$ cat work26.pdb   # PDB, C-alpha atoms and all ligand atoms
ATOM      1  CA  MET L   1     -33.507  15.039 -15.601
ATOM      2  CA  SER L   2     -33.486  12.165 -13.113
ATOM      3  CA  GLY L   3     -32.558   9.354 -15.500
ATOM      4  CA  GLU L   4     -29.366   8.061 -17.040
ATOM      5  CA  PRO L   5     -27.091   9.333 -18.524
ATOM      6  CA  LEU L   6     -27.403  12.458 -16.387
ATOM      7  CA  ALA L   7     -27.244  10.427 -13.174
ATOM      8  CA  ALA L   8     -23.891   8.977 -14.240
ATOM      9  CA  HIS L   9     -22.507  12.497 -14.704
ATOM     10  CA  ARG L  10     -23.903  13.588 -11.338
ATOM     11  CA  ARG L  11     -22.273  10.583  -9.651
ATOM     12  CA  SER L  12     -18.799  11.060 -11.123
ATOM     13  CA  LEU L  13     -18.765  14.853 -10.685
ATOM     14  CA  LEU L  14     -19.952  14.902  -7.088
ATOM     15  CA  ALA L  15     -17.684  12.062  -5.954
ATOM     16  CA  ASN L  16     -14.916  14.676  -5.630
ATOM     17  CA  THR L  17     -16.778  17.175  -3.449
ATOM     18  CA  PHE L  18     -15.714  17.713   0.147
ATOM     19  CA  GLY L  19     -16.116  19.961   3.200
ATOM     20  CA  SER L  20     -18.565  22.855   3.045
ATOM     21  CA  VAL L  21     -20.396  22.878  -0.280
ATOM     22  CA  ILE L  22     -22.854  25.299  -1.887
ATOM     23  CA  GLU L  23     -24.981  24.056  -4.770
ATOM     24  CA  ILE L  24     -26.548  26.710  -6.987
ATOM     25  CA  GLY L  25     -29.776  25.906  -8.830
ATOM     26  CA  PHE L  26     -30.594  23.007  -6.486
ATOM     27  CA  GLY L  27     -34.008  22.449  -8.110
ATOM     28  CA  THR L  28     -35.703  19.323  -6.786
ATOM     29  CA  GLY L  29     -32.491  18.033  -5.210
ATOM     30  CA  LEU L  30     -31.571  15.369  -7.748
ATOM     31  CA  ASN L  31     -27.904  15.600  -6.754
ATOM     32  CA  LEU L  32     -28.533  14.829  -3.101
ATOM     33  CA  PRO L  33     -27.985  11.021  -3.243
ATOM     34  CA  PHE L  34     -24.641  11.499  -4.999
ATOM     35  CA  TYR L  35     -22.811  13.594  -2.411
ATOM     36  CA  PRO L  36     -20.093  11.596  -0.639
ATOM     37  CA  GLU L  37     -19.459  11.392   3.094
ATOM     38  CA  THR L  38     -16.526  13.789   2.696
ATOM     39  CA  VAL L  39     -19.114  16.599   2.571
ATOM     40  CA  THR L  40     -19.690  18.166   5.993
ATOM     41  CA  LYS L  41     -22.373  20.731   5.165
ATOM     42  CA  LEU L  42     -24.447  21.465   2.059
ATOM     43  CA  THR L  43     -25.991  24.882   1.431
ATOM     44  CA  THR L  44     -28.490  24.896  -1.413
ATOM     45  CA  VAL L  45     -29.622  27.914  -3.386
ATOM     46  CA  ASP L  46     -32.420  28.274  -5.922
ATOM     47  CA  ASN L  47     -34.428  31.340  -6.852
ATOM     48  CA  ASN L  48     -37.542  29.260  -7.577
ATOM     49  CA  PRO L  49     -39.412  28.283  -4.380
ATOM     50  CA  GLY L  50     -41.594  25.849  -6.372
ATOM     51  CA  ALA L  51     -39.210  22.902  -6.159
ATOM     52  CA  ARG L  52     -38.532  23.201  -2.425
ATOM     53  CA  ALA L  53     -41.257  20.767  -1.302
ATOM     54  CA  ILE L  54     -39.995  18.040  -3.642
ATOM     55  CA  ALA L  55     -36.414  18.614  -2.480
ATOM     56  CA  ALA L  56     -37.531  18.414   1.173
ATOM     57  CA  ARG L  57     -39.321  15.088   0.512
ATOM     58  CA  ARG L  58     -36.201  13.723  -1.180
ATOM     59  CA  ARG L  59     -34.193  14.666   1.905
ATOM     60  CA  GLN L  60     -36.642  12.818   4.165
ATOM     61  CA  ASP L  61     -36.592   9.703   1.979
ATOM     62  CA  THR L  62     -32.801   9.447   1.886
ATOM     63  CA  PRO L  63     -31.456  11.501   4.788
ATOM     64  CA  PRO L  64     -27.945  12.751   4.051
ATOM     65  CA  THR L  65     -25.088  12.222   6.504
ATOM     66  CA  PHE L  66     -24.407  15.966   6.588
ATOM     67  CA  GLU L  67     -26.329  19.126   7.510
ATOM     68  CA  VAL L  68     -28.345  20.738   4.705
ATOM     69  CA  GLU L  69     -29.390  24.408   4.652
ATOM     70  CA  SER L  70     -31.778  25.427   1.860
ATOM     71  CA  LEU L  71     -32.146  29.048   0.749
ATOM     72  CA  THR L  72     -34.495  30.606  -1.789
ATOM     73  CA  LEU L  73     -32.448  33.315  -3.470
ATOM     74  CA  SER L  74     -30.549  34.079  -6.653
ATOM     75  CA  SER L  75     -26.993  32.942  -7.157
ATOM     76  CA  GLU L  76     -26.382  36.309  -8.847
ATOM     77  CA  SER L  77     -26.230  37.859  -5.376
ATOM     78  CA  LEU L  78     -25.148  35.518  -2.573
ATOM     79  CA  PRO L  79     -25.404  36.746   1.029
ATOM     80  CA  MET L  80     -22.402  34.694   2.217
ATOM     81  CA  ALA L  81     -19.069  36.225   3.172
ATOM     82  CA  ASP L  82     -16.034  35.968   0.889
ATOM     83  CA  GLN L  83     -14.141  32.643   1.099
ATOM     84  CA  THR L  84     -16.894  30.645   2.843
ATOM     85  CA  PHE L  85     -16.988  27.335   0.917
ATOM     86  CA  ASP L  86     -14.620  24.508  -0.042
ATOM     87  CA  CYS L  87     -16.693  23.670  -3.116
ATOM     88  CA  VAL L  88     -19.375  25.163  -5.342
ATOM     89  CA  VAL L  89     -21.530  22.859  -7.485
ATOM     90  CA  SER L  90     -23.626  23.676 -10.547
ATOM     91  CA  THR L  91     -25.371  21.024 -12.645
ATOM     92  CA  TRP L  92     -27.296  22.180 -15.711
ATOM     93  CA  THR L  93     -27.898  25.592 -14.128
ATOM     94  CA  LEU L  94     -25.509  28.093 -15.804
ATOM     95  CA  CYS L  95     -27.760  27.838 -18.879
ATOM     96  CA  SER L  96     -30.656  29.396 -16.938
ATOM     97  CA  ILE L  97     -29.161  32.180 -14.829
ATOM     98  CA  SER L  98     -30.013  35.591 -16.321
ATOM     99  CA  ASN L  99     -26.716  37.284 -15.451
ATOM    100  CA  VAL L 100     -24.407  34.283 -15.583
ATOM    101  CA  THR L 101     -21.230  36.408 -15.488
ATOM    102  CA  GLN L 102     -22.328  37.956 -12.210
ATOM    103  CA  ALA L 103     -23.198  34.509 -10.822
ATOM    104  CA  LEU L 104     -19.711  33.228 -11.731
ATOM    105  CA  GLN L 105     -18.162  36.237  -9.971
ATOM    106  CA  GLU L 106     -20.197  35.305  -6.896
ATOM    107  CA  ILE L 107     -19.132  31.657  -7.158
ATOM    108  CA  TYR L 108     -15.498  32.761  -7.233
ATOM    109  CA  ARG L 109     -15.974  35.187  -4.366
ATOM    110  CA  VAL L 110     -17.530  32.690  -1.925
ATOM    111  CA  LEU L 111     -14.916  29.992  -2.621
ATOM    112  CA  LYS L 112     -11.991  29.658  -0.236
ATOM    113  CA  PRO L 113      -8.541  30.012  -1.830
ATOM    114  CA  GLY L 114      -7.841  26.586  -3.360
ATOM    115  CA  GLY L 115     -11.570  25.806  -3.378
ATOM    116  CA  HIS L 116     -13.172  23.916  -6.274
ATOM    117  CA  PHE L 117     -16.013  24.806  -8.619
ATOM    118  CA  PHE L 118     -17.543  21.562  -9.990
ATOM    119  CA  PHE L 119     -19.863  21.846 -12.968
ATOM    120  CA  VAL L 120     -21.648  19.850 -15.633
ATOM    121  CA  GLU L 121     -23.664  21.942 -18.060
ATOM    122  CA  HIS L 122     -25.120  21.908 -21.545
ATOM    123  CA  GLY L 123     -24.162  24.640 -23.973
ATOM    124  CA  LEU L 124     -22.850  25.730 -27.349
ATOM    125  CA  SER L 125     -21.888  22.792 -29.559
ATOM    126  CA  ASP L 126     -18.575  22.553 -31.403
ATOM    127  CA  ASN L 127     -20.526  21.517 -34.521
ATOM    128  CA  ARG L 128     -21.322  24.526 -36.745
ATOM    129  CA  LYS L 129     -24.548  23.005 -38.055
ATOM    130  CA  VAL L 130     -25.794  22.351 -34.515
ATOM    131  CA  GLN L 131     -24.767  25.880 -33.494
ATOM    132  CA  VAL L 132     -26.988  27.310 -36.236
ATOM    133  CA  TRP L 133     -29.983  25.476 -34.780
ATOM    134  CA  GLN L 134     -29.021  26.352 -31.200
ATOM    135  CA  ASN L 135     -28.938  30.052 -32.122
ATOM    136  CA  ARG L 136     -32.114  29.819 -34.174
ATOM    137  CA  LEU L 137     -34.122  28.028 -31.472
ATOM    138  CA  ASN L 138     -32.686  29.925 -28.496
ATOM    139  CA  PRO L 139     -35.375  32.642 -28.281
ATOM    140  CA  ILE L 140     -38.103  29.968 -28.177
ATOM    141  CA  GLN L 141     -36.153  27.842 -25.713
ATOM    142  CA  ARG L 142     -35.783  30.814 -23.354
ATOM    143  CA  VAL L 143     -39.585  31.115 -23.224
ATOM    144  CA  ILE L 144     -40.561  27.450 -22.993
ATOM    145  CA  GLY L 145     -37.485  26.427 -20.970
ATOM    146  CA  ASP L 146     -37.911  28.962 -18.151
ATOM    147  CA  GLY L 147     -34.927  31.113 -19.191
ATOM    148  CA  CYS L 148     -32.734  28.207 -20.363
ATOM    149  CA  ASN L 149     -30.290  29.007 -23.193
ATOM    150  CA  PHE L 150     -28.994  26.453 -25.706
ATOM    151  CA  ASN L 151     -26.079  28.544 -26.926
ATOM    152  CA  ARG L 152     -23.898  29.579 -23.992
ATOM    153  CA  ASN L 153     -20.198  28.842 -24.356
ATOM    154  CA  ILE L 154     -19.639  27.445 -20.874
ATOM    155  CA  ARG L 155     -15.885  27.029 -21.358
ATOM    156  CA  GLN L 156     -15.449  30.731 -22.169
ATOM    157  CA  LEU L 157     -17.725  31.799 -19.320
ATOM    158  CA  VAL L 158     -15.865  29.760 -16.680
ATOM    159  CA  GLU L 159     -12.446  30.664 -18.133
ATOM    160  CA  ALA L 160     -13.287  34.361 -17.827
ATOM    161  CA  GLN L 161     -13.475  33.924 -14.052
ATOM    162  CA  PHE L 162     -11.045  31.099 -13.225
ATOM    163  CA  SER L 163      -7.449  30.736 -14.416
ATOM    164  CA  HIS L 164      -7.098  27.058 -13.395
ATOM    165  CA  MET L 165      -9.636  24.744 -14.993
ATOM    166  CA  GLU L 166      -9.985  21.152 -16.183
ATOM    167  CA  ILE L 167     -12.830  20.686 -18.627
ATOM    168  CA  GLU L 168     -14.114  18.142 -21.110
ATOM    169  CA  ALA L 169     -16.662  19.091 -23.759
ATOM    170  CA  PHE L 170     -18.531  16.404 -25.669
ATOM    171  CA  PRO L 171     -21.799  15.528 -27.376
ATOM    172  CA  GLU L 172     -24.064  13.350 -25.224
ATOM    173  CA  PRO L 173     -25.422  10.859 -27.749
ATOM    174  CA  ASP L 174     -28.698  10.036 -25.982
ATOM    175  CA  LEU L 175     -29.961  13.638 -26.117
ATOM    176  CA  PRO L 176     -31.140  15.900 -28.959
ATOM    177  CA  ALA L 177     -28.090  17.703 -30.399
ATOM    178  CA  VAL L 178     -29.304  21.225 -29.499
ATOM    179  CA  MET L 179     -29.308  20.401 -25.784
ATOM    180  CA  GLY L 180     -26.843  17.518 -25.785
ATOM    181  CA  TYR L 181     -23.459  19.221 -25.907
ATOM    182  CA  PHE L 182     -21.991  18.974 -22.399
ATOM    183  CA  TYR L 183     -19.236  20.809 -20.561
ATOM    184  CA  LYS L 184     -18.009  18.978 -17.465
ATOM    185  CA  GLY L 185     -15.136  19.804 -15.181
ATOM    186  CA  SER L 186     -13.744  21.680 -12.246
ATOM    187  CA  ALA L 187     -12.054  25.015 -11.727
ATOM    188  CA  ILE L 188      -9.828  25.963  -8.803
ATOM    189  CA  LYS L 189      -9.668  29.379  -7.139
TER     190      LYS L 189
HETATM  191  C1  LIG Y 201     -32.472  22.886 -15.386
HETATM  192  S1  LIG Y 201     -32.711  23.155 -13.703
HETATM  193  C2  LIG Y 201     -31.412  22.132 -12.995
HETATM  194  C3  LIG Y 201     -31.731  21.715 -11.600
HETATM  195  C4  LIG Y 201     -30.642  20.879 -10.903
HETATM  196  N1  LIG Y 201     -29.392  21.607 -10.793
HETATM  197  C5  LIG Y 201     -30.408  19.546 -11.553
HETATM  198  O1  LIG Y 201     -29.267  19.215 -11.889
HETATM  199  O2  LIG Y 201     -31.379  18.800 -11.712
HETATM  200  C6  LIG Y 201     -32.059  24.803 -13.445
HETATM  201  C7  LIG Y 201     -32.287  25.330 -12.030
HETATM  202  O3  LIG Y 201     -31.640  26.591 -11.893
HETATM  203  C8  LIG Y 201     -32.471  27.435 -11.114
HETATM  204  N2  LIG Y 201     -32.076  28.836 -11.342
HETATM  205  C9  LIG Y 201     -32.266  29.587 -12.448
HETATM  206  N3  LIG Y 201     -31.772  30.819 -12.271
HETATM  207  C10 LIG Y 201     -31.254  30.858 -11.010
HETATM  208  C11 LIG Y 201     -30.610  31.864 -10.232
HETATM  209  N4  LIG Y 201     -30.401  33.090 -10.711
HETATM  210  N5  LIG Y 201     -30.215  31.539  -8.990
HETATM  211  C12 LIG Y 201     -30.408  30.300  -8.481
HETATM  212  N6  LIG Y 201     -31.023  29.308  -9.179
HETATM  213  C13 LIG Y 201     -31.445  29.585 -10.418
HETATM  214  C14 LIG Y 201     -33.875  27.075 -11.585
HETATM  215  O4  LIG Y 201     -34.864  27.496 -10.668
HETATM  216  C15 LIG Y 201     -33.759  25.552 -11.688
HETATM  217  O5  LIG Y 201     -34.065  24.926 -10.465
END
$ encode --input "work26.pdb" --output "structure tokens" --more "lines below"
Ligand SMILES: C[S@@+](CC[C@H](N)C(=O)[O-])C[C@H]1O[C@@H](n2cnc3c(N)ncnc32)[C@H](O)[C@@H]1O
Amino acid sequence: MSGEPLAAHRRSLLANTFGSVIEIGFGTGLNLPFYPETVTKLTTVDNNPGARAIAARRRQDTPPTFEVESLTLSSESLPMADQTFDCVVSTWTLCSISNVTQALQEIYRVLKPGGHFFFVEHGLSDNRKVQVWQNRLNPIQRVIGDGCNFNRNIRQLVEAQFSHMEIEAFPEPDLPAVMGYFYKGSAIK
């Protein structure tokens, strides 16, 4: 997930982040180099401790200009108070969270009024033929992809929680169709 074209999406999405930011599903920290200097503090959350060492090495190699706090916990239940963050970031993570509706409620809760949720995700295609394969392969993908789903309608999921949203949805030509339909945008609390 480190190569282009994903890096280009990371760069353009994260260019707009600012202030106190929480990133859910931080993984190995691939977004770290793309945060701008307008970020003052980054809190990272992932429920898998396995990637922490790689993320820590990445932080040492290219030290960010802001404070970073890393937590191993699920974004379905965040310990932070209501209205803590200016921005929440999720990149290719909503596909993998077991209770994604609960996670989106938590994202909304911890955002300050006027705060931004920035996301780029893969999900359900707008092409019926691709959808058939996404639904057919989903049970296998969940097993081999560590809980990842091909067929989540990210637009509907985010819309159910946020009333103000800008989103683009498009096929990413360099990827296989079942995992190459992207939803990218931001929602405002
Ligand atoms: C496909 S990886 C994406 C990693 C990273 N966001 C990126 O863009 O490279 C999905 C990540 O979501 C994490 N994840 C899955 N369920 C989660 C949950 N309930 N809470 C927090 N992180 C979760 C996984 O451990 C994994 O690191």
$ atom_distance --input "work26.pdb" --atom1 "atom C1 of ligand LIG 201 (chain Y)" --atom2 "atom CA of L:Thr93"
5.5 Å
$ closest_residue --input "work26.pdb" --among "L:Leu32, L:Glu172, L:Asn99, L:Ile22" --to "L:Arg59" --atoms "all atoms listed in the file"
L:Leu32
$ residues_around --input "work26.pdb" --residues "stretch 117-130 of chain L" --least-positions-apart "6" --cutoff "10 Å" --atoms "only C-alpha atoms" --output "PyMOL selection string"
chain L and resi 6+9-10+13-14+16-17+21-23+85-95+104+107-108+111+136+148-155+158+162+165-172+177-189
$ write_last_selection --input "work26.pdb" --atoms "C-alpha atoms" --output "mmCIF file, keeping the file's coordinate frame"
data_model
loop_
_atom_site.group_PDB
_atom_site.id
_atom_site.type_symbol
_atom_site.label_atom_id
_atom_site.label_comp_id
_atom_site.auth_asym_id
_atom_site.auth_seq_id
_atom_site.Cartn_x
_atom_site.Cartn_y
_atom_site.Cartn_z
ATOM 1 C CA LEU L 6 -27.403 12.458 -16.387
ATOM 2 C CA HIS L 9 -22.507 12.497 -14.704
ATOM 3 C CA ARG L 10 -23.903 13.588 -11.338
ATOM 4 C CA LEU L 13 -18.765 14.853 -10.685
ATOM 5 C CA LEU L 14 -19.952 14.902 -7.088
ATOM 6 C CA ASN L 16 -14.916 14.676 -5.630
ATOM 7 C CA THR L 17 -16.778 17.175 -3.449
ATOM 8 C CA VAL L 21 -20.396 22.878 -0.280
ATOM 9 C CA ILE L 22 -22.854 25.299 -1.887
ATOM 10 C CA GLU L 23 -24.981 24.056 -4.770
ATOM 11 C CA PHE L 85 -16.988 27.335 0.917
ATOM 12 C CA ASP L 86 -14.620 24.508 -0.042
ATOM 13 C CA CYS L 87 -16.693 23.670 -3.116
ATOM 14 C CA VAL L 88 -19.375 25.163 -5.342
ATOM 15 C CA VAL L 89 -21.530 22.859 -7.485
ATOM 16 C CA SER L 90 -23.626 23.676 -10.547
ATOM 17 C CA THR L 91 -25.371 21.024 -12.645
ATOM 18 C CA TRP L 92 -27.296 22.180 -15.711
ATOM 19 C CA THR L 93 -27.898 25.592 -14.128
ATOM 20 C CA LEU L 94 -25.509 28.093 -15.804
ATOM 21 C CA CYS L 95 -27.760 27.838 -18.879
ATOM 22 C CA LEU L 104 -19.711 33.228 -11.731
ATOM 23 C CA ILE L 107 -19.132 31.657 -7.158
ATOM 24 C CA TYR L 108 -15.498 32.761 -7.233
ATOM 25 C CA LEU L 111 -14.916 29.992 -2.621
ATOM 26 C CA ARG L 136 -32.114 29.819 -34.174
ATOM 27 C CA CYS L 148 -32.734 28.207 -20.363
ATOM 28 C CA ASN L 149 -30.290 29.007 -23.193
ATOM 29 C CA PHE L 150 -28.994 26.453 -25.706
ATOM 30 C CA ASN L 151 -26.079 28.544 -26.926
ATOM 31 C CA ARG L 152 -23.898 29.579 -23.992
ATOM 32 C CA ASN L 153 -20.198 28.842 -24.356
ATOM 33 C CA ILE L 154 -19.639 27.445 -20.874
ATOM 34 C CA ARG L 155 -15.885 27.029 -21.358
ATOM 35 C CA VAL L 158 -15.865 29.760 -16.680
ATOM 36 C CA PHE L 162 -11.045 31.099 -13.225
ATOM 37 C CA MET L 165 -9.636 24.744 -14.993
ATOM 38 C CA GLU L 166 -9.985 21.152 -16.183
ATOM 39 C CA ILE L 167 -12.830 20.686 -18.627
ATOM 40 C CA GLU L 168 -14.114 18.142 -21.110
ATOM 41 C CA ALA L 169 -16.662 19.091 -23.759
ATOM 42 C CA PHE L 170 -18.531 16.404 -25.669
ATOM 43 C CA PRO L 171 -21.799 15.528 -27.376
ATOM 44 C CA GLU L 172 -24.064 13.350 -25.224
ATOM 45 C CA ALA L 177 -28.090 17.703 -30.399
ATOM 46 C CA VAL L 178 -29.304 21.225 -29.499
ATOM 47 C CA MET L 179 -29.308 20.401 -25.784
ATOM 48 C CA GLY L 180 -26.843 17.518 -25.785
ATOM 49 C CA TYR L 181 -23.459 19.221 -25.907
ATOM 50 C CA PHE L 182 -21.991 18.974 -22.399
ATOM 51 C CA TYR L 183 -19.236 20.809 -20.561
ATOM 52 C CA LYS L 184 -18.009 18.978 -17.465
ATOM 53 C CA GLY L 185 -15.136 19.804 -15.181
ATOM 54 C CA SER L 186 -13.744 21.680 -12.246
ATOM 55 C CA ALA L 187 -12.054 25.015 -11.727
ATOM 56 C CA ILE L 188 -9.828 25.963 -8.803
ATOM 57 C CA LYS L 189 -9.668 29.379 -7.139
#
$ resolve_selection --input "work26.pdb" --expression "the PyMOL selection byres (((not hetatm)) within 6 of (chain Y and resi 201))" --output "count of residues only"
18
$ closest_residue --input "work26.pdb" --among "L:Thr65, L:Gln60, L:Lys112, L:Arg52" --to "L:Thr38" --atoms "all atoms listed in the file"
L:Thr65
$ resolve_selection --input "work26.pdb" --expression "the PyMOL selection byres (((chain L and resi 40) around 8) and not hetatm)" --output "list in words"
Phe18, Gly19, Ser20, Val21, Glu37, Thr38, Val39, Lys41, Leu42, Phe66 and Glu67 of chain L
$ residues_around --input "work26.pdb" --residues "L:Pro79" --least-positions-apart "5" --cutoff "10 Å" --atoms "all atoms listed in the file" --output "list in words"
Leu73, Ser74, Glu106 and Val110 of chain L
$ atom_distance --input "work26.pdb" --atom1 "atom CA of L:Gln141" --atom2 "atom CA of L:Ser98"
13.6 Å
$ closest_residue --input "work26.pdb" --among "L:Ala56, L:Pro173, L:Val100, L:Arg109" --to "L:Ala81" --atoms "only C-alpha atoms"
L:Arg109
$ atom_distance --input "work26.pdb" --atom1 "atom CA of L:Leu157" --atom2 "atom CA of L:Arg11"
23.8 Å
$ axis_aligned_box --input "work26.pdb" --around "stretch 125-136 of chain L" --padding-each-side "6 Å" --output "JSON"
{"center_x": -25.3, "center_y": 25.8, "center_z": -33.8, "size_x": 25.5, "size_y": 20.5, "size_z": 20.5}
$ closest_residue --input "work26.pdb" --among "L:Ala51, L:Met80, L:Tyr35, L:Asp146" --to "L:Val68" --atoms "all atoms listed in the file"
L:Tyr35
$ closest_residue --input "work26.pdb" --among "L:Thr44, L:Thr72, L:Thr28, L:Ser163" --to "L:Arg57" --atoms "all atoms listed in the file"
L:Thr28
$ build_atoms --input "work26.pdb" --residues "stretch 72-85 of chain L" --atoms "N, CA and C atoms" --output "short mmCIF file (atom, residue, chain, number, x, y, z; two decimals), in the frame of the given file"
data_model
loop_
_atom_site.label_atom_id
_atom_site.label_comp_id
_atom_site.auth_asym_id
_atom_site.auth_seq_id
_atom_site.Cartn_x
_atom_site.Cartn_y
_atom_site.Cartn_z
N THR L 72 -33.85 30.17 -0.55
CA THR L 72 -34.49 30.61 -1.79
C THR L 72 -33.97 31.99 -2.13
N LEU L 73 -33.02 32.03 -3.03
CA LEU L 73 -32.45 33.32 -3.47
C LEU L 73 -31.67 33.08 -4.76
N SER L 74 -31.25 34.19 -5.38
CA SER L 74 -30.55 34.08 -6.65
C SER L 74 -29.05 33.95 -6.44
N SER L 75 -28.45 33.10 -7.23
CA SER L 75 -26.99 32.94 -7.16
C SER L 75 -26.27 34.14 -7.78
N GLU L 76 -27.03 35.09 -8.33
CA GLU L 76 -26.38 36.31 -8.85
C GLU L 76 -25.98 37.24 -7.70
N SER L 77 -26.55 37.01 -6.52
CA SER L 77 -26.23 37.86 -5.38
C SER L 77 -26.30 37.01 -4.11
N LEU L 78 -25.18 36.43 -3.72
CA LEU L 78 -25.15 35.52 -2.57
C LEU L 78 -24.87 36.31 -1.30
N PRO L 79 -25.58 35.99 -0.21
CA PRO L 79 -25.40 36.75 1.03
C PRO L 79 -24.20 36.29 1.86
N MET L 80 -23.50 35.24 1.42
CA MET L 80 -22.40 34.69 2.22
C MET L 80 -21.15 35.57 2.11
N ALA L 81 -20.33 35.48 3.16
CA ALA L 81 -19.07 36.22 3.17
C ALA L 81 -18.10 35.67 2.12
N ASP L 82 -17.10 36.45 1.77
CA ASP L 82 -16.03 35.97 0.89
C ASP L 82 -15.40 34.71 1.52
N GLN L 83 -14.95 33.80 0.67
CA GLN L 83 -14.14 32.64 1.10
C GLN L 83 -14.85 31.78 2.15
N THR L 84 -16.11 31.44 1.88
CA THR L 84 -16.89 30.64 2.84
C THR L 84 -16.82 29.15 2.56
N PHE L 85 -16.77 28.74 1.28
CA PHE L 85 -16.99 27.34 0.92
C PHE L 85 -15.74 26.65 0.34
#
